[in-house]
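Dropping run_39.txt in here (compact mmCIF, C-alpha atoms):
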# COMPACT_ATOMS: atom_id res chain seq x y z
CA MET A 1 0.00 0.00 0.00
CA ASN A 2 1.22 3.51 -0.74
CA ASN A 3 0.12 6.93 0.48
CA GLU A 4 -2.34 7.38 -2.35
CA ARG A 5 -4.07 4.10 -1.55
CA PHE A 6 -4.04 4.98 2.13
CA GLU A 7 -5.82 8.27 1.39
CA ASP A 8 -8.27 6.41 -0.79
CA LEU A 9 -9.21 3.90 1.90
CA LYS A 10 -9.00 5.77 5.19
CA ASP A 11 -12.65 6.92 5.22
CA ALA A 12 -13.93 3.40 4.61
CA TYR A 13 -11.49 2.10 7.22
CA VAL A 14 -12.86 4.29 10.01
CA LEU A 15 -16.39 3.26 9.02
CA ASP A 16 -15.36 -0.42 9.23
CA ALA A 17 -16.26 -0.74 5.56
CA LEU A 18 -13.14 -2.44 4.21
CA ALA A 19 -12.90 -6.07 3.20
CA GLU A 20 -10.67 -8.15 5.45
CA ASP A 21 -7.63 -8.13 3.17
CA GLU A 22 -7.90 -4.38 2.63
CA ARG A 23 -8.21 -3.80 6.38
CA ARG A 24 -5.10 -5.88 7.02
CA SER A 25 -3.09 -3.99 4.40
CA PHE A 26 -4.28 -0.69 5.77
CA GLU A 27 -3.24 -1.62 9.31
CA GLU A 28 0.15 -2.87 8.12
CA PHE A 29 0.68 0.51 6.46
CA LEU A 30 -0.38 2.27 9.67
CA ALA A 31 2.03 0.17 11.72
CA ALA A 32 4.83 1.15 9.35
CA HIS A 33 3.76 4.82 9.39
CA PRO A 34 2.78 5.66 12.98
CA GLU A 35 2.79 9.36 12.11
CA ARG A 36 -0.53 8.76 10.28
CA GLN A 37 -2.22 7.28 13.37
CA ALA A 38 -3.37 10.64 14.79
CA GLU A 39 -5.04 11.48 11.49
CA VAL A 40 -6.87 8.14 11.48
CA ASP A 41 -7.88 8.61 15.12
CA ASP A 42 -9.33 12.06 14.34
CA LEU A 43 -11.28 10.69 11.41
CA GLY A 44 -12.36 7.75 13.57
CA ALA A 45 -13.77 10.16 16.15
CA VAL A 46 -15.96 11.70 13.45
CA ALA A 47 -17.18 8.30 12.27
CA GLY A 48 -17.75 7.28 15.90
CA LEU A 49 -20.30 10.07 16.27
CA LEU A 50 -22.73 7.96 14.26
CA ALA A 51 -23.01 5.74 17.33
CA PHE A 52 -24.73 8.61 19.15
CA SER A 53 -27.39 9.19 16.52
CA PRO A 54 -29.91 6.31 16.84
CA GLU A 55 -33.31 6.93 18.36
CA GLU A 56 -33.09 6.25 22.07
CA GLN A 57 -34.28 2.82 23.24
CA GLU A 58 -34.70 1.58 26.80
CA PRO A 59 -33.45 -1.97 27.31
CA PRO A 60 -35.64 -4.27 29.40
CA PRO A 61 -34.82 -4.67 33.11
CA GLU A 62 -34.29 -8.38 32.48
CA LEU A 63 -31.20 -7.56 30.43
CA ARG A 64 -29.63 -5.85 33.42
CA GLU A 65 -30.49 -8.85 35.62
CA ARG A 66 -28.90 -11.30 33.17
CA ILE A 67 -25.73 -9.25 32.89
CA MET A 68 -25.44 -8.64 36.63
CA ASP A 69 -25.98 -12.36 37.33
CA VAL A 70 -22.93 -13.15 35.22
CA VAL A 71 -20.94 -10.30 36.78
CA ALA A 72 -21.85 -11.43 40.31
CA SER A 73 -20.76 -14.99 39.55
CA GLU A 74 -17.39 -13.77 38.21
CA ALA A 75 -16.62 -10.92 40.62
CA ALA A 76 -15.58 -12.77 43.78
CA PRO A 77 -13.38 -15.42 42.08
CA ARG A 78 -11.77 -12.66 40.00
CA ARG A 79 -10.93 -10.58 43.09
CA GLU A 80 -9.44 -13.68 44.71
CA ARG A 81 -7.30 -14.37 41.64
CA GLN A 82 -6.13 -10.75 41.52
CA ARG A 83 -5.16 -10.84 45.20
CA SER A 84 -3.32 -14.16 44.85
CA ILE A 85 -1.52 -13.00 41.69
CA PHE A 86 -0.29 -9.86 43.45
CA GLY A 87 0.64 -11.76 46.59
CA GLY A 88 2.24 -14.63 44.66
CA LEU A 89 4.19 -12.26 42.47
CA VAL A 90 5.55 -10.37 45.46
CA GLY A 91 6.37 -13.61 47.25
CA TYR A 92 7.91 -15.18 44.14
CA LEU A 93 10.07 -12.13 43.51
CA GLY A 94 11.15 -12.13 47.16
CA ALA A 95 12.14 -15.79 47.09
CA ARG A 96 13.83 -15.39 43.70
CA GLY A 97 15.82 -12.42 44.95
CA LEU A 98 17.18 -14.42 47.85
CA ALA A 99 18.06 -17.33 45.59
CA LEU A 100 19.84 -14.99 43.18
CA GLY A 101 21.65 -13.35 46.07
CA ALA A 102 22.85 -16.74 47.31
CA ALA A 103 24.08 -17.66 43.81
CA ALA A 104 25.99 -14.38 43.46
CA LEU A 105 27.88 -14.95 46.73
CA LEU A 106 29.05 -18.34 45.43
CA LEU A 107 29.91 -17.11 41.90
CA ILE A 108 32.04 -13.92 42.05
CA GLY A 109 31.92 -13.37 38.32
CA LEU A 110 28.08 -13.03 38.43
CA LEU A 111 28.02 -10.37 41.19
CA SER A 112 27.26 -7.36 38.99
CA TRP A 113 24.53 -9.22 37.09
CA ASN A 114 22.87 -10.14 40.35
CA LEU A 115 22.86 -6.54 41.60
CA LEU A 116 21.21 -5.43 38.37
CA LEU A 117 18.51 -8.11 38.67
CA GLN A 118 17.83 -7.18 42.30
CA ALA A 119 17.23 -3.55 41.33
CA GLN A 120 14.78 -4.65 38.63
CA VAL A 121 12.94 -6.88 41.10
CA ASP A 122 12.60 -4.04 43.61
CA ASP A 123 11.27 -1.73 40.90
CA LEU A 124 8.72 -4.31 39.79
CA GLN A 125 7.55 -4.86 43.37
CA GLY A 126 7.07 -1.13 43.76
CA ARG A 127 5.04 -0.87 40.56
CA VAL A 128 2.83 -3.79 41.54
CA GLN A 129 2.14 -2.20 44.90
CA ASN A 130 1.47 1.18 43.26
CA SER A 131 -1.18 -0.30 40.97
CA GLN A 132 -2.85 -1.93 43.93
CA GLY A 133 -2.60 1.36 45.79
CA GLN A 134 -4.34 3.34 43.03
CA VAL A 135 -7.32 1.03 43.04
CA GLU A 136 -7.44 1.03 46.83
CA ASP A 137 -7.34 4.86 46.77
CA LEU A 138 -10.42 4.98 44.58
CA GLN A 139 -12.23 2.51 46.75
CA ALA A 140 -11.24 4.56 49.80
CA GLN A 141 -12.64 7.73 48.18
CA VAL A 142 -15.99 6.02 47.97
CA ARG A 143 -15.83 4.98 51.63
CA ASP A 144 -14.44 8.32 52.80
CA ALA A 145 -17.16 10.23 51.00
CA GLN A 146 -19.68 8.56 53.23
CA ALA A 147 -17.60 8.85 56.38
CA GLN A 148 -16.59 12.47 55.85
CA GLN A 149 -20.01 13.79 54.97
CA THR A 150 -20.50 16.49 57.56
CA GLN A 151 -23.38 18.68 56.37
CA THR A 152 -26.75 18.04 54.86
CA VAL A 153 -29.54 20.53 54.34
CA GLN A 154 -33.05 19.36 53.60
CA LEU A 155 -34.90 21.02 50.72
CA SER A 156 -38.64 21.64 50.73
CA GLY A 157 -41.28 22.88 48.31
CA THR A 158 -44.16 21.75 46.13
CA TRP A 159 -42.30 18.59 45.15
CA THR A 160 -41.70 17.49 48.75
CA ALA A 161 -45.43 17.98 49.30
CA GLN A 162 -45.90 15.44 46.49
CA GLY A 163 -43.71 12.89 48.22
CA ALA A 164 -40.21 13.76 47.01
CA ASP A 165 -37.27 13.81 49.41
CA ALA A 166 -34.28 16.03 48.62
CA GLU A 167 -31.21 17.35 50.35
CA VAL A 168 -27.94 19.10 49.65
CA ALA A 169 -24.92 17.23 50.94
CA SER A 170 -21.30 18.21 51.37
CA ILE A 171 -19.01 15.36 50.28
CA SER A 172 -15.29 15.26 51.12
CA GLY A 173 -15.44 18.86 52.30
CA ASN A 174 -15.48 20.62 48.96
CA ARG A 175 -17.92 18.76 46.73
CA ILE A 176 -21.56 19.67 47.04
CA ILE A 177 -24.26 17.48 45.57
CA LEU A 178 -28.03 17.48 45.47
CA VAL A 179 -29.46 14.08 46.24
CA ALA A 180 -33.12 13.27 45.84
CA ASP A 181 -35.65 10.44 45.90
CA ASP A 182 -38.97 10.10 44.12
CA LEU A 183 -38.88 13.30 42.11
CA PRO A 184 -41.82 13.63 39.71
CA ALA A 185 -41.20 13.34 35.98
CA ILE A 186 -41.15 16.54 33.92
CA PRO A 187 -42.38 17.12 30.37
CA GLU A 188 -40.11 16.23 27.45
CA GLY A 189 -38.03 19.18 26.32
CA GLN A 190 -37.58 20.47 29.87
CA THR A 191 -34.92 20.05 32.50
CA CYS A 192 -34.39 20.71 36.20
CA GLN A 193 -31.98 23.52 36.95
CA ILE A 194 -30.19 24.15 40.24
CA TRP A 195 -29.65 27.75 41.39
CA VAL A 196 -27.47 29.16 44.12
CA ILE A 197 -29.03 32.46 45.13
CA LYS A 198 -26.56 34.92 46.63
CA GLY A 199 -28.39 37.97 47.92
CA ASP A 200 -31.05 38.38 45.24
CA VAL A 201 -28.93 37.04 42.39
CA PRO A 202 -29.56 33.48 41.22
CA GLU A 203 -26.51 31.77 39.68
CA PRO A 204 -27.08 28.78 37.38
CA SER A 205 -25.46 25.83 39.18
CA GLY A 206 -26.24 22.62 37.34
CA LEU A 207 -28.82 20.73 35.32
CA PHE A 208 -30.34 17.30 35.82
CA GLN A 209 -33.20 15.09 34.73
CA PRO A 210 -35.47 13.71 37.43
CA GLY A 211 -37.29 10.43 37.18
CA GLY A 212 -36.91 7.00 38.70
CA THR A 213 -36.16 6.56 42.37
CA GLU A 214 -32.76 8.16 42.85
CA THR A 215 -31.13 11.28 41.46
CA ALA A 216 -27.78 12.88 42.25
CA ALA A 217 -26.42 16.07 40.73
CA PRO A 218 -23.33 18.13 41.54
CA ILE A 219 -23.89 21.80 42.47
CA THR A 220 -21.37 23.65 40.39
CA THR A 221 -21.28 26.97 42.30
CA PRO A 222 -19.49 27.22 45.66
CA ILE A 223 -21.92 27.88 48.49
CA LYS A 224 -21.70 29.59 51.88
CA LYS A 225 -23.96 30.26 54.83
CA GLY A 226 -26.76 32.61 53.90
CA ASP A 227 -27.05 31.39 50.31
CA THR A 228 -30.26 29.78 49.09
CA ILE A 229 -30.35 26.61 46.98
CA ALA A 230 -33.33 26.33 44.64
CA VAL A 231 -34.50 24.04 41.85
CA THR A 232 -36.76 25.14 39.00
CA VAL A 233 -38.04 23.46 35.85
CA GLU A 234 -36.61 25.13 32.75
CA PRO A 235 -36.45 24.52 28.99
CA ALA A 236 -33.91 21.87 27.89
CA GLY A 237 -30.40 23.27 28.12
CA GLY A 238 -31.28 25.51 31.06
CA SER A 239 -31.90 29.25 31.37
CA GLU A 240 -29.80 32.21 32.34
CA GLN A 241 -32.43 33.29 34.86
CA PRO A 242 -35.19 31.21 36.49
CA THR A 243 -38.34 31.28 34.40
CA THR A 244 -40.57 29.33 36.81
CA ASP A 245 -41.17 29.19 40.55
CA PRO A 246 -38.88 26.90 42.59
CA VAL A 247 -40.13 23.39 43.21
CA LEU A 248 -37.45 22.79 45.87
CA SER A 249 -35.45 25.23 47.97
CA ALA A 250 -33.52 25.69 51.19
CA GLU A 251 -31.64 28.53 52.86
CA LEU A 252 -28.20 27.57 54.14
CA MET B 1 -29.70 9.31 53.20
CA VAL B 2 -26.52 9.60 51.18
CA ASP B 3 -25.36 6.03 51.08
CA ARG B 4 -22.59 4.06 49.43
CA GLY B 5 -24.60 3.48 46.27
CA ARG B 6 -24.99 7.24 45.74
CA GLN B 7 -21.23 7.76 45.99
CA TYR B 8 -20.78 5.83 42.76
CA LEU B 9 -23.21 8.22 41.05
CA ILE B 10 -20.79 11.11 41.41
CA LEU B 11 -17.70 9.21 40.25
CA ALA B 12 -16.45 9.95 36.75
CA ASP B 13 -16.58 7.16 34.17
CA GLU B 14 -12.79 6.87 34.20
CA ASP B 15 -12.81 6.24 37.96
CA LEU B 16 -15.58 3.69 37.61
CA ILE B 17 -13.60 1.83 34.94
CA SER B 18 -10.61 1.58 37.27
CA LEU B 19 -12.89 0.08 39.92
CA VAL B 20 -14.38 -2.33 37.40
CA GLU B 21 -10.87 -3.46 36.54
CA ALA B 22 -10.52 -4.29 40.26
CA SER B 23 -13.70 -6.40 39.97
CA ASP B 24 -16.03 -3.90 41.66
CA SER B 25 -19.47 -5.05 40.51
CA GLU B 26 -21.25 -1.98 41.93
CA ALA B 27 -19.04 0.29 39.86
CA PHE B 28 -19.88 -1.82 36.81
CA ALA B 29 -23.60 -1.58 37.60
CA THR B 30 -23.29 2.23 37.74
CA LEU B 31 -21.55 2.25 34.37
CA TYR B 32 -24.24 -0.01 32.93
CA ASP B 33 -27.03 2.23 34.23
CA ARG B 34 -25.32 5.30 32.80
CA HIS B 35 -24.68 3.94 29.32
CA ARG B 36 -27.29 1.22 28.81
CA ARG B 37 -29.61 3.35 26.67
CA ALA B 38 -26.91 4.56 24.30
CA ALA B 39 -25.49 1.04 23.95
CA PHE B 40 -28.87 -0.62 23.47
CA SER B 41 -30.01 2.08 21.04
CA LEU B 42 -26.96 1.43 18.87
CA ALA B 43 -27.41 -2.33 19.18
CA TYR B 44 -31.06 -2.07 18.13
CA ARG B 45 -30.21 0.23 15.24
CA MET B 46 -27.69 -2.31 13.97
CA MET B 47 -29.58 -5.54 14.57
CA GLY B 48 -33.11 -4.32 13.87
CA ASP B 49 -34.58 -6.79 16.33
CA ARG B 50 -34.99 -6.40 20.10
CA GLN B 51 -33.83 -9.90 21.03
CA ALA B 52 -30.75 -9.66 18.83
CA ALA B 53 -30.10 -6.19 20.24
CA GLU B 54 -30.33 -7.52 23.80
CA ASP B 55 -27.91 -10.32 22.96
CA LEU B 56 -25.48 -7.84 21.38
CA ALA B 57 -25.73 -5.41 24.30
CA GLN B 58 -25.18 -8.24 26.81
CA ASP B 59 -22.19 -9.48 24.85
CA ALA B 60 -20.72 -5.98 24.72
CA PHE B 61 -21.23 -5.14 28.39
CA LEU B 62 -19.70 -8.44 29.49
CA LYS B 63 -16.72 -7.55 27.31
CA VAL B 64 -16.57 -4.21 29.20
CA TRP B 65 -16.68 -6.11 32.52
CA ARG B 66 -13.98 -8.57 31.50
CA GLY B 67 -11.79 -6.15 29.55
CA ALA B 68 -11.92 -2.93 31.60
CA GLY B 69 -8.13 -2.97 31.75
CA SER B 70 -7.92 -2.40 28.02
CA TYR B 71 -9.62 1.03 28.17
CA ARG B 72 -7.26 3.88 27.29
CA ALA B 73 -8.38 7.39 28.26
CA GLU B 74 -6.16 9.01 25.62
CA ARG B 75 -8.17 7.29 22.85
CA GLY B 76 -11.53 8.75 23.93
CA SER B 77 -14.28 8.74 26.54
CA VAL B 78 -15.54 5.62 28.29
CA ARG B 79 -18.87 6.02 26.55
CA THR B 80 -17.18 6.11 23.15
CA TRP B 81 -15.21 2.99 24.11
CA ILE B 82 -18.35 1.12 25.17
CA LEU B 83 -20.16 2.11 21.98
CA SER B 84 -17.17 1.05 19.87
CA ILE B 85 -17.35 -2.39 21.52
CA VAL B 86 -21.07 -2.60 20.68
CA HIS B 87 -20.32 -1.50 17.12
CA ASN B 88 -17.43 -3.92 16.56
CA ARG B 89 -19.33 -6.91 17.97
CA GLY B 90 -22.36 -5.87 15.94
CA ILE B 91 -20.36 -5.73 12.72
CA ASP B 92 -18.91 -9.19 13.45
CA GLN B 93 -22.38 -10.61 13.95
CA LEU B 94 -23.85 -8.92 10.90
CA ARG B 95 -21.06 -10.18 8.67
CA SER B 96 -21.05 -13.69 10.09
CA HIS B 97 -24.79 -14.07 9.76
CA ALA B 98 -25.04 -12.03 6.54
CA SER B 99 -28.28 -10.46 7.78
CA ARG B 100 -28.57 -6.71 7.45
CA ARG B 101 -31.13 -4.04 7.97
CA ARG B 102 -31.63 -2.09 4.79
CA THR B 103 -33.40 1.05 5.87
CA GLN B 104 -33.38 3.22 8.96
CA ASP B 105 -37.02 4.21 8.51
CA ARG B 106 -38.38 0.72 9.07
CA ILE B 107 -36.53 0.39 12.37
CA GLU B 108 -37.55 3.78 13.74
CA ALA B 109 -41.19 3.30 12.81
CA SER B 110 -41.43 0.26 15.09
CA ALA B 111 -39.13 1.32 17.92
CA PRO B 112 -40.64 2.25 21.29
CA ARG B 113 -39.29 5.48 22.76
CA SER B 114 -37.46 5.50 26.08
CA GLN B 115 -38.63 7.11 29.32
CA PRO B 116 -37.03 10.30 30.69
CA SER B 117 -33.65 9.45 32.14
CA GLU B 118 -32.55 9.60 35.76
CA ALA B 119 -29.10 11.11 36.16
CA PHE B 120 -28.53 14.82 35.53
CA ALA B 121 -25.61 14.10 33.16
CA GLU B 122 -28.15 12.53 30.81
CA THR B 123 -29.15 16.11 29.96
CA TRP B 124 -25.74 16.65 28.45
CA ARG B 125 -25.74 13.28 26.71
CA ASN B 126 -29.17 13.96 25.22
CA SER B 127 -27.95 17.30 23.91
CA GLN B 128 -24.89 15.54 22.46
CA ARG B 129 -27.16 13.15 20.61
CA GLU B 130 -29.25 16.05 19.32
CA GLN B 131 -26.09 17.78 18.14
CA VAL B 132 -24.97 14.69 16.23
CA ARG B 133 -28.41 14.40 14.61
CA GLU B 134 -28.23 18.05 13.68
CA ALA B 135 -24.84 17.40 12.06
CA LEU B 136 -26.23 14.41 10.14
CA ASN B 137 -29.15 16.55 8.95
CA THR B 138 -26.66 18.72 7.07
CA LEU B 139 -25.64 15.76 4.89
CA PRO B 140 -27.20 15.19 1.49
CA ARG B 141 -29.34 12.07 1.56
CA GLU B 142 -26.99 10.09 -0.71
CA GLN B 143 -24.00 10.67 1.62
CA LEU B 144 -25.98 9.83 4.75
CA LYS B 145 -27.32 6.65 3.17
CA ILE B 146 -23.81 5.39 2.43
CA LEU B 147 -22.52 6.22 5.92
CA GLU B 148 -25.49 4.38 7.44
CA LEU B 149 -25.08 1.30 5.25
CA ALA B 150 -21.42 1.11 6.23
CA TYR B 151 -21.65 1.99 9.92
CA PHE B 152 -24.95 0.42 10.97
CA SER B 153 -25.38 -2.43 8.50
CA GLY B 154 -21.79 -3.59 8.19
CA TYR B 155 -21.52 -3.42 4.38
CA THR B 156 -18.08 -2.98 2.86
CA HIS B 157 -17.61 -0.18 0.33
CA ALA B 158 -17.53 -2.75 -2.46
CA GLU B 159 -20.83 -4.25 -1.26
CA ILE B 160 -22.40 -0.79 -1.07
CA SER B 161 -21.22 -0.10 -4.61
CA GLU B 162 -22.96 -3.29 -5.78
CA LEU B 163 -26.05 -2.73 -3.65
CA LEU B 164 -26.65 0.80 -4.93
CA SER B 165 -25.28 0.17 -8.44
CA LEU B 166 -22.77 2.96 -7.98
CA PRO B 167 -19.12 3.10 -9.05
CA LEU B 168 -16.81 2.26 -6.15
CA GLY B 169 -15.12 5.63 -6.53
CA THR B 170 -18.47 7.37 -6.02
CA VAL B 171 -19.10 5.39 -2.82
CA LYS B 172 -15.67 6.28 -1.44
CA GLY B 173 -16.13 9.90 -2.44
CA ARG B 174 -19.48 10.13 -0.65
CA MET B 175 -17.98 8.55 2.48
CA ARG B 176 -15.21 11.15 2.41
CA LEU B 177 -17.56 14.06 1.84
CA GLY B 178 -20.05 12.83 4.44
CA LEU B 179 -17.42 12.56 7.17
CA LYS B 180 -15.98 15.93 6.16
CA LYS B 181 -19.40 17.55 6.40
CA ILE B 182 -19.88 16.22 9.93
CA ARG B 183 -16.48 17.57 10.93
CA ASP B 184 -17.28 20.93 9.26
CA PHE B 185 -20.48 21.13 11.36
CA TYR B 186 -18.46 21.04 14.56
CA ASP B 187 -15.76 23.34 13.17
CA SER B 188 -18.37 25.93 12.21
CA ARG B 189 -19.53 26.00 15.84
CA GLY B 190 -16.01 26.24 17.20
CA ALA B 191 -16.57 22.91 18.92
CA ALA B 192 -14.25 19.92 19.11
CA VAL B 193 -15.54 16.61 17.81
CA PRO B 194 -16.56 14.71 20.97
CA ARG B 195 -14.45 11.61 21.75
Before we go any further, please render this structure as structure tokens.
Amino acid sequence: MNNERFEDLKDAYVLDALAEDERRSFEEFLAAHPERQAEVDDLGAVAGLLAFSPEEQEPPPELRERIMDVVASEAAPRRERQRSIFGGLVGYLGARGLALGAAALLLIGLLSWNLLLQAQVDDLQGRVQNSQGQVEDLQAQVRDAQAQQTQTVQLSGTWTAQGADAEVASISGNRIILVADDLPAIPEGQTCQIWVIKGDVPEPSGLFQPGGTETAAPITTPIKKGDTIAVTVEPAGGSEQPTTDPVLSAEL
Amino acid sequence: MVDRGRQYLILADEDLISLVEASDSEAFATLYDRHRRAAFSLAYRMMGDRQAAEDLAQDAFLKVWRGAGSYRAERGSVRTWILSIVHNRGIDQLRSHASRRRTQDRIEASAPRSQPSEAFAETWRNSQREQVREALNTLPREQLKILELAYFSGYTHAEISELLSLPLGTVKGRMRLGLKKIRDFYDSRGAAVPR
């Protein structure tokens, strides 16, 4: 394949519209010319937009159950394997290091090679532990968010009179979210908009769609005591100023 | 009131994927709930049949569960990655079974619409979908038709040429122009093509 052929086929490639032999040739050319990869990725992003265009469909709840049944059956054994692989690898490397150290003492000529291997083993152990640490950090964030939650403020309004339950919660000290149960549905083409009212000035502070049993939405404006949090129903995309009366509100 | 389940709701997709890689099934469930409509919508558009779409969506999401470690943030968003898995598996199935949907209209006439979504970020995703549809509306019908036959029905450019009785060069040209027009739509708005 040459550049001309590459140019001729790249659009079909990103649309997955090449025959198998053409696709293979194209990818061989790409492998030999990595400088063209960014161009193909950019074009691929455009083609990938087609995935967002179909009319929206709701899958049946049974699909979720089937998938989660499989996930549940695989999750625990997988976690066990991951733990034993990490532990086994650390243990194996430790035992191997000692064995290599013993061999080096007996064979003077291999001393420098042994020191090099030991350094590589230590580095690998560190990287394994770091990867574990990153995952544990994320899991800890989830736990800490619950433990560190220090402030909640209940919202009230016409929607709470209809059975909704809503509050503003401070998570990890500097993240504020609105959390709600049983919000009523709103007409198509509309959205819920959060406002932080400072003095008399409402600042747009987030959009969300209600519906279902649980809703969570970040409040994008920093808040302080004396501010008022309010929620109104606005046209899709939100408004610069509230156009309807609040359905939920609370003064901090 | 704010419980552990809610904490997952405020995690970014990239954080959830890392947790899925560590076999966190709750994180996976949150990802599924966030992206199920987009994935199933694409699956239905490709397969044209609800049962086949369910099978494709299940296949794709289990691949997400088992292959979370292969996600690369520099290549695009998690949503794009999930949809690319749906698309690739769908193309494989369409080509192996040699069964294709021929028109978009027939599918959309029979498809039930979804209910209003739950999470606030769905507002942004809905507007993203509307923006893409707006971009596609700028394409001449003959360019859109060829992009759809390739992307949703899995036809190669040679098969499209035969199907529509068009020279292969014309098919390739319309693919090129169609993709360019979509990119021009975003450029004209000063917006980056979403990844």
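Taking CA of Glu167 (chain A) as the reference point, CA of Ser249 (chain A) is found at 9.3 Å.
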Can I get the residues of chain A within 6 Å of chain B, each with the closest pair of atoms and their distance in Å to one decimal, using only C-alpha atoms, sorted chain first then ascending number, as a tab-separated table?
residue	atom	partner	partner_atom	distance
A:Asp11	CA	B:Arg176	CA	5.7
A:Leu15	CA	B:Tyr151	CA	5.5
A:Ala17	CA	B:Thr156	CA	4.0
A:Leu18	CA	B:Thr156	CA	5.1
A:Ala45	CA	B:Arg195	CA	5.8
A:Phe52	CA	B:Arg129	CA	5.4
A:Ser53	CA	B:Arg133	CA	5.6
A:Pro54	CA	B:Ser41	CA	6.0
A:Glu56	CA	B:Ser41	CA	5.3
A:Gln57	CA	B:Ser41	CA	4.9
A:Glu58	CA	B:Ser114	CA	4.8
A:Ala75	CA	B:Ser23	CA	5.4
A:Arg79	CA	B:Ser23	CA	5.9
A:Val142	CA	B:Gln7	CA	5.9
A:Leu207	CA	B:Phe120	CA	5.9
A:Phe208	CA	B:Phe120	CA	3.1
A:Gln209	CA	B:Phe120	CA	4.7
A:Pro210	CA	B:Glu118	CA	5.3
A:Gly211	CA	B:Glu118	CA	5.0
A:Gly212	CA	B:Glu118	CA	5.9
A:Thr215	CA	B:Ala119	CA	5.7
A:Ala217	CA	B:Phe120	CA	5.7
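We find CA of Asn137 (chain B) and CA of Glu55 (chain A) to be spaced 14.1 Å apart.
Counting all atoms listed in the file, the residue from A:Val231, A:Val71, A:Leu248, A:Ile197 that sits nearest to Leu155 (chain A) is A:Leu248.
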- Message: Under the rule that all atoms listed in the file are counted, which of A:Leu63, A:Ala236, A:Leu178, A:Val70 is the nearest residue to Pro218 (chain A)?
- Response: A:Leu178
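Taking CA of Asn3 (chain A) and CA of Ser161 (chain B) as the two end points, the separation is 23.0 Å.
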- For Thr160 (chain A), the nearest of the candidates A:Arg36, A:Gly206, A:Val247, A:Gly48, counting all atoms listed in the file: A:Val247
Once 5 Å is added on each side, what centre and edge lengths in Å to one decimal does the axis-aligned box around all listed atoms of region 34-47 of chain B have, as lines of an AutoDock Vina configuration file?
center_x = -27.9
center_y = -0.1
center_z = 23.4
size_x = 16.4
size_y = 20.8
size_z = 28.8
